[in-house]
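Here the structure is laid out as structure tokens; the discussion comes afterwards.
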Amino acid sequence: MDWEELYQNWLSQRNADNDNLRLDLERQARTVIQNQKLADVTWHIQALEGQTPVEQNKRLFIVNVLRKGNQMPQLLFLPMLRTAVYEKNPSYNRSFLEPCMRCFGSRLVNSELISRYTENGTDYEKAGVANAFYWSFGLNGHGDIPREHIDDLRQKVQYWFLTEFVANKNINVRRSIVAQLQLNPFKYPTKLSLQVLKAIYIGWIHPDQYIHNRIKIQLGLERSYMALPQRNST
């Protein structure tokens with residue numbers, strides 16, 4: 001299958017608001033992926049990793065193709081996760097996570113995110129994976145995503161949220177983590193309970209309005225939510 005030609009046809013039908021033909025093209029592409037006949041994913045990876053407007057449109061095509069179905073090539077699994085981590089929009093990253101969870105399971109998705117990005121990731125990646133965890137845990141068992149036992153992974157990430165928030169001064173990392181912090185010291189082992197007080201103190205005196213606002217919300221002292229500022233590249 002010529003994926004560039006298929007994409008161009010899809011794009012022309014999308015621009016023409018021809019939903020029937022657009023959906024038919026998506027079904028054609030999905031059939032190839034569902035049957036696992038896709039051995040060369042070079043076109044897809046380039047689209048997932050690129051940052052130009054053209055490649056962003058190609059990502060939308062890939063997302064639409066993978067929105068349904070329960071099979072996708074193994075070769076696309078890690079590139080899709082990476083795209084979710086690098087996606088700046090903390091809502092749109094769901095589009096790349098959901099197919100992976102449906103096709104490979106929540107445990108594998110979260111295990112890969114943890115092992116690849118929480119310890120050895122850059123600050124940009126750590127902020128991105130924190131955003132991704134919102135969906136990778138929240139969508140477990142949602143809709144047609146099978147429910148798996150991942151409480152151990154959730155706890156591991158919760159501990160990481162706390163220690164990373166305290167230790168890492170990067171503004172993007174702290175912004176992405178703060179809303180997901182668990183601030184009850186009894187939810188942690190003794191050696192981490194004091195870190196909760198440190199996290200509260202950091203958030204309370206932090207000059208960033210978003211971090212300060214979210215700490216107050218976590219403590220039940222504020223009800224008005226601020227939107228997560230867009231992550232910058234540093």
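Residue numbering restarts at 1 in every chain; chains get A, B, ... in the order shown in the structure tokens, and ligands count up from 1 in that same order.
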Would you please extract all alpha helix (DSSP H) residues from region 11-224 of chain A, as assigned by DSSP on the backbone, and give them as number ranges by chain? A: 11-15, 19-34, 42-49, 53-66, 77-86, 94-104, 106-113, 123-138, 151-167, 171-178, 190-205, 209-218
Please produce a file of those selected residues containing C-alpha atoms, as a CSV table (one decimal), in the first residue's frame.
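Printed below is result18.csv as written:
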chain,number,residue,atom,x,y,z
A,11,LEU,CA,-6.6,14.7,3.1
A,12,SER,CA,-8.5,15.8,-0.1
A,13,GLN,CA,-11.7,14.2,1.1
A,14,ARG,CA,-11.3,15.7,4.6
A,15,ASN,CA,-10.8,19.2,3.1
A,19,ASP,CA,-17.1,12.1,5.3
A,20,ASN,CA,-18.2,8.9,3.5
A,21,LEU,CA,-15.1,8.7,1.3
A,22,ARG,CA,-12.8,9.8,4.2
A,23,LEU,CA,-14.1,7.1,6.4
A,24,ASP,CA,-13.8,4.5,3.6
A,25,LEU,CA,-10.1,5.4,3.2
A,26,GLU,CA,-9.6,5.1,7.0
A,27,ARG,CA,-11.2,1.6,6.8
A,28,GLN,CA,-8.9,0.6,4.0
A,29,ALA,CA,-5.9,1.6,6.0
A,30,ARG,CA,-7.3,-0.1,9.1
A,31,THR,CA,-7.8,-3.4,7.3
A,32,VAL,CA,-4.1,-3.5,6.4
A,33,ILE,CA,-3.1,-2.8,10.0
A,34,GLN,CA,-5.7,-5.2,11.5
A,42,THR,CA,8.9,4.1,8.0
A,43,TRP,CA,6.2,6.4,6.7
A,44,HIS,CA,4.3,6.2,10.0
A,45,ILE,CA,7.3,6.8,12.2
A,46,GLN,CA,8.4,9.8,10.2
A,47,ALA,CA,4.9,11.2,10.6
A,48,LEU,CA,4.8,10.5,14.3
A,49,GLU,CA,8.2,12.1,15.0
A,53,PRO,CA,2.3,21.1,9.8
A,54,VAL,CA,2.3,18.4,7.1
A,55,GLU,CA,3.5,15.7,9.5
A,56,GLN,CA,1.0,16.9,12.1
A,57,ASN,CA,-1.8,16.3,9.6
A,58,LYS,CA,-0.3,12.8,8.9
A,59,ARG,CA,-0.4,12.1,12.6
A,60,LEU,CA,-4.1,13.0,12.6
A,61,PHE,CA,-4.6,10.5,9.8
A,62,ILE,CA,-2.8,7.8,11.8
A,63,VAL,CA,-4.9,8.5,14.8
A,64,ASN,CA,-8.1,8.3,12.9
A,65,VAL,CA,-7.0,4.9,11.4
A,66,LEU,CA,-6.1,3.5,14.8
A,77,PHE,CA,4.0,0.7,19.8
A,78,LEU,CA,7.0,2.6,21.0
A,79,PRO,CA,6.8,5.4,18.4
A,80,MET,CA,3.2,5.9,19.5
A,81,LEU,CA,4.2,6.1,23.1
A,82,ARG,CA,7.0,8.5,22.4
A,83,THR,CA,4.6,10.7,20.4
A,84,ALA,CA,2.2,10.8,23.4
A,85,VAL,CA,5.1,11.8,25.7
A,86,TYR,CA,6.2,14.6,23.3
A,94,ARG,CA,-4.7,10.5,24.7
A,95,SER,CA,-5.1,9.9,21.0
A,96,PHE,CA,-1.8,8.1,20.9
A,97,LEU,CA,-2.1,6.2,24.2
A,98,GLU,CA,-5.6,4.8,23.7
A,99,PRO,CA,-4.8,2.6,20.7
A,100,CYS,CA,-1.7,1.2,22.4
A,101,MET,CA,-3.7,0.4,25.6
A,102,ARG,CA,-6.5,-1.3,23.5
A,103,CYS,CA,-4.1,-3.4,21.5
A,104,PHE,CA,-1.3,-4.1,24.0
A,106,SER,CA,-2.6,-1.0,30.2
A,107,ARG,CA,0.2,-2.9,32.0
A,108,LEU,CA,2.6,-3.0,29.1
A,109,VAL,CA,1.9,0.6,28.2
A,110,ASN,CA,2.5,1.9,31.8
A,111,SER,CA,5.5,-0.4,32.3
A,112,GLU,CA,7.2,1.0,29.2
A,113,LEU,CA,6.4,4.6,30.1
A,123,ASP,CA,12.9,17.0,31.9
A,124,TYR,CA,10.8,17.6,28.8
A,125,GLU,CA,10.1,13.8,28.7
A,126,LYS,CA,9.4,13.6,32.4
A,127,ALA,CA,6.8,16.4,32.1
A,128,GLY,CA,5.3,14.6,29.1
A,129,VAL,CA,5.1,11.2,30.8
A,130,ALA,CA,3.5,12.8,33.8
A,131,ASN,CA,0.8,14.1,31.5
A,132,ALA,CA,0.5,10.7,29.8
A,133,PHE,CA,0.0,8.9,33.1
A,134,TYR,CA,-3.3,10.8,33.6
A,135,TRP,CA,-4.7,8.7,30.7
A,136,SER,CA,-2.6,5.6,30.9
A,137,PHE,CA,-4.0,4.8,34.3
A,138,GLY,CA,-7.4,6.6,33.9
A,151,ASP,CA,-2.3,-1.0,41.2
A,152,ASP,CA,1.4,-1.8,41.8
A,153,LEU,CA,2.4,0.4,38.8
A,154,ARG,CA,0.1,3.2,39.9
A,155,GLN,CA,1.7,3.2,43.4
A,156,LYS,CA,5.2,3.2,41.8
A,157,VAL,CA,4.2,6.3,39.8
A,158,GLN,CA,2.6,8.0,42.8
A,159,TYR,CA,5.8,7.6,44.7
A,160,TRP,CA,7.7,9.0,41.7
A,161,PHE,CA,5.4,12.0,41.4
A,162,LEU,CA,6.2,13.0,45.0
A,163,THR,CA,10.0,12.5,44.9
A,164,GLU,CA,10.3,14.0,41.5
A,165,PHE,CA,8.2,17.1,42.4
A,166,VAL,CA,10.4,17.7,45.4
A,167,ALA,CA,13.8,17.1,43.8
A,171,ILE,CA,8.9,24.3,35.9
A,172,ASN,CA,7.4,22.0,33.3
A,173,VAL,CA,8.0,18.9,35.4
A,174,ARG,CA,6.5,20.4,38.5
A,175,ARG,CA,3.5,21.8,36.6
A,176,SER,CA,2.7,18.4,35.0
A,177,ILE,CA,3.0,16.6,38.3
A,178,VAL,CA,1.4,18.9,40.8
A,190,THR,CA,7.5,6.2,56.4
A,191,LYS,CA,10.6,7.2,54.6
A,192,LEU,CA,8.5,9.3,52.1
A,193,SER,CA,6.0,10.8,54.4
A,194,LEU,CA,8.1,13.9,55.2
A,195,GLN,CA,8.4,14.5,51.5
A,196,VAL,CA,4.7,15.3,51.5
A,197,LEU,CA,5.3,18.3,53.7
A,198,LYS,CA,8.2,19.4,51.5
A,199,ALA,CA,6.0,19.2,48.5
A,200,ILE,CA,3.3,21.3,50.1
A,201,TYR,CA,5.8,23.9,51.2
A,202,ILE,CA,7.4,24.0,47.7
A,203,GLY,CA,4.0,24.5,46.1
A,204,TRP,CA,2.8,27.0,48.7
A,205,ILE,CA,5.7,29.4,48.2
A,209,GLN,CA,0.7,30.8,39.9
A,210,TYR,CA,-0.3,27.5,38.4
A,211,ILE,CA,1.7,25.4,40.8
A,212,HIS,CA,0.5,27.5,43.8
A,213,ASN,CA,-3.1,27.2,42.6
A,214,ARG,CA,-3.0,23.5,42.2
A,215,ILE,CA,-1.4,22.9,45.6
A,216,LYS,CA,-4.2,25.0,47.2
A,217,ILE,CA,-6.8,22.9,45.2
A,218,GLN,CA,-5.1,19.7,46.4
